[in-house]
Amino acid sequence: MSDYVSFCPYTIGEDAYDAIPSVCKKLGSKMLLIGGKTAMEKALPSFLKAIEGSGLEIVATRWHGGECTFARINELTEEAQTLDIDFIVGMGGGKALDTAKGVANNLGLPVITVPTIAATCAATSALSVVYHADHTHDRTVLFKAPPTHCFINTKILAEAPDRYLRAGMGDTIAKHFECCFASRGDDLPHSSALGREISALCYRPLLSRGKQALDDCKNDITSDALREAVLANVVTTGLVSLLVEDRYNGAVAHSVCYGLSLLPQVEKNFLHGDIVAYGILVQLMLDNNREDALVLRDFLRSLGTPVTLADFGVENDDALLKPVVEKALTSNDMDYLPYPVSFDMLRAAISATEAL
C-alpha cells in the first residue's frame, strides 16, 4: 500500500499578495471567493490590486455564512456549480477557510487560502472542522490534499485583533503535546515520526517569542517575532497535521475544549484556541506532568490566556461539569491514547488543573 503525503506551499510577507497572479494563473483565470465579512473588508482591496491587469477574475464573492456547517458548504456548492470558475479562494479565519475547502472538495477544484488572522492552521491543513448551526462541534472532515497555495500577508495579520494570534498559539501548542501524547509508545512510520519531531516547533518558538509577538500585534508591528508566531500557528501546525496519522492529530486538549464549549458562557465568549490551551493543562495533569504544566501555565498567563475555570466564568462544580466531561470522553480525539481514560480520571485532572 502506497502513502500519499502532500504539503501546502505558502508565500509570507507584507507583499505576499504580489505572488498571487503567478501562482493562480496556473489554475485558470476565474475564481469564486468565499470569505468572512470583516476579512473581505480588510484584505479584498489588496487582493484586487494584486490581480489587476493579470487576467484573473473574481466571478463572485460570497460570505461563508458565519459558521462552517454542512448546510452552508452544500448551499455554496450548488451555487458554485452554476458559475464558470476554475478554482476557489478562501479568505478569512478558520471557519471561512474550512467552508471554502469544503466547497472546493465537493467540486473537485483547487483551493487557494488567504488567512486574515493567525488563529488556526486551517489555511494549510487538509481538513475542515464542521459545526452545527448552534455552533456546537459536529465532526472533522479529512481531504486528500491541502490547499494549492497559501498567501500570508503579515501586515494584515499584524493589524488583526491580537486575541486571534493569542488563541492560535494555544491551538498550536496543543498540536505538540497532543501529538506526542497520542503517539507515545508507538513505532512510528517515517511520515508520522517526522511530524512528531516537527511538532516541537509548535511549542519552543512560541515559548521564547510568543509574548513579544503578541505585544507587537497589539501595536500593529510586523516584527520578526510576529512572523515566527504566525509561521508556527499557520504553517508548522499544518505540516504536523499533514504528516502524522489522523489518530495522532488530537487528544485530551481538544476533547476538553469540545466539552467546555457546551457551556454557553464559554462558547460565546472565548475562542477555540484559548479553550484548547486550558485543555492542554488538563491533559498534562492527567498524565502527571506537573513540571510542563507549570511552565505552560506561566506562559499562558503572560499572554492573558485563561488558565482556570474561573477565568472562563465557570464553577468547579460536579453537576455543571458532568456533561462537559461526558462530551469530552465521546470525542474522536479520545479514541487513541496511550492508556484508557475514565470519567473519574478526567474529572480529577480538571480538579488538579484548578489546584495548580
# chains A, B, ... in the order shown; residues from 1 in each chain; ligands from 1

$ residues_around --residues "range 188-205 of chain A" --least-positions-apart "5" --cutoff "10 Å" --atoms "only C-alpha atoms" --output "PyMOL selection string"
chain A and resi 3-5+169-181+183+210+225+228-229+231-246+248-249+296

$ residues_around --residues "range 262-266 of chain A" --least-positions-apart "6" --cutoff "8 Å" --atoms "only C-alpha atoms" --output "number ranges by chain"
A: 136, 312-314, 324

$ residues_around --residues "range 148-159 of chain A" --least-positions-apart "4" --cutoff "6 Å" --atoms "only C-alpha atoms" --output "PyMOL selection string"
chain A and resi 8-14+16+111-114+116-117+217+220-222

$ atom_distance --atom1 "CA of Leu294 in chain A" --atom2 "CA of Glu315 in chain A"
21.6 Å

$ closest_atom_pairs --of "range 38-58 of chain A" --to "range 91-95 of chain A" --cutoff "8 Å" --atoms "only C-alpha atoms" --output "JSON lines"
{"residue": "A:Thr38", "atom": "CA", "partner": "A:Gly92", "partner_atom": "CA", "distance": 7.9}
{"residue": "A:Ala39", "atom": "CA", "partner": "A:Gly92", "partner_atom": "CA", "distance": 4.8}
{"residue": "A:Met40", "atom": "CA", "partner": "A:Met91", "partner_atom": "CA", "distance": 6.8}
{"residue": "A:Ala43", "atom": "CA", "partner": "A:Met91", "partner_atom": "CA", "distance": 8.0}

$ residues_around --residues "His254 in chain A" --least-positions-apart "4" --cutoff "7 Å" --atoms "only C-alpha atoms" --output "PDB file with C-alpha atoms, in the first residue's frame"
ATOM      1  CA  GLY A 250      -5.699  15.288  18.656  1.00  0.00           C
ATOM      2  CA  TYR A 258     -15.383  20.408  22.853  1.00  0.00           C
ATOM      3  CA  VAL A 276      -7.856  24.260  23.882  1.00  0.00           C
ATOM      4  CA  GLY A 279      -7.292  21.588  27.772  1.00  0.00           C
TER       5      GLY A 279
END

$ closest_residue --among "A:Glu79, A:Asp335, A:Asp344, A:Asp162" --to "Lys322 in chain A" --atoms "only C-alpha atoms"
A:Asp344

$ closest_residue --among "A:Ile51, A:Leu32, A:Gly66, A:Asp274" --to "Thr82 in chain A" --atoms "only C-alpha atoms"
A:Leu32

$ closest_residue --among "A:Asp224, A:Glu78, A:Asp134, A:Asp187" --to "Ala104 in chain A" --atoms "only C-alpha atoms"
A:Glu78

$ residues_around --residues "Arg301 in chain A" --least-positions-apart "6" --cutoff "12 Å" --atoms "only C-alpha atoms" --output "ChimeraX atom specification"
/A:166,170,207,210-211,274,277-278,293-295,307-308,311

$ write_last_selection --atoms "C-alpha atoms" --output "mmCIF file, in the first residue's frame"
data_model
loop_
_atom_site.group_PDB
_atom_site.id
_atom_site.type_symbol
_atom_site.label_atom_id
_atom_site.label_comp_id
_atom_site.auth_asym_id
_atom_site.auth_seq_id
_atom_site.Cartn_x
_atom_site.Cartn_y
_atom_site.Cartn_z
ATOM 1 C CA ARG A 166 -3.113 34.503 21.176
ATOM 2 C CA GLY A 170 -2.914 27.856 22.298
ATOM 3 C CA LEU A 207 7.594 29.863 24.405
ATOM 4 C CA GLY A 210 5.233 34.400 21.649
ATOM 5 C CA LYS A 211 4.849 37.160 24.252
ATOM 6 C CA ASP A 274 -7.987 29.687 24.276
ATOM 7 C CA ALA A 277 -4.967 25.847 25.800
ATOM 8 C CA TYR A 278 -6.762 25.115 29.074
ATOM 9 C CA ALA A 293 2.087 22.177 33.247
ATOM 10 C CA LEU A 294 3.684 24.817 35.470
ATOM 11 C CA VAL A 295 5.856 26.172 32.647
ATOM 12 C CA VAL A 307 -5.804 29.000 32.904
ATOM 13 C CA THR A 308 -8.627 28.261 35.337
ATOM 14 C CA ASP A 311 -11.220 32.615 34.071
#
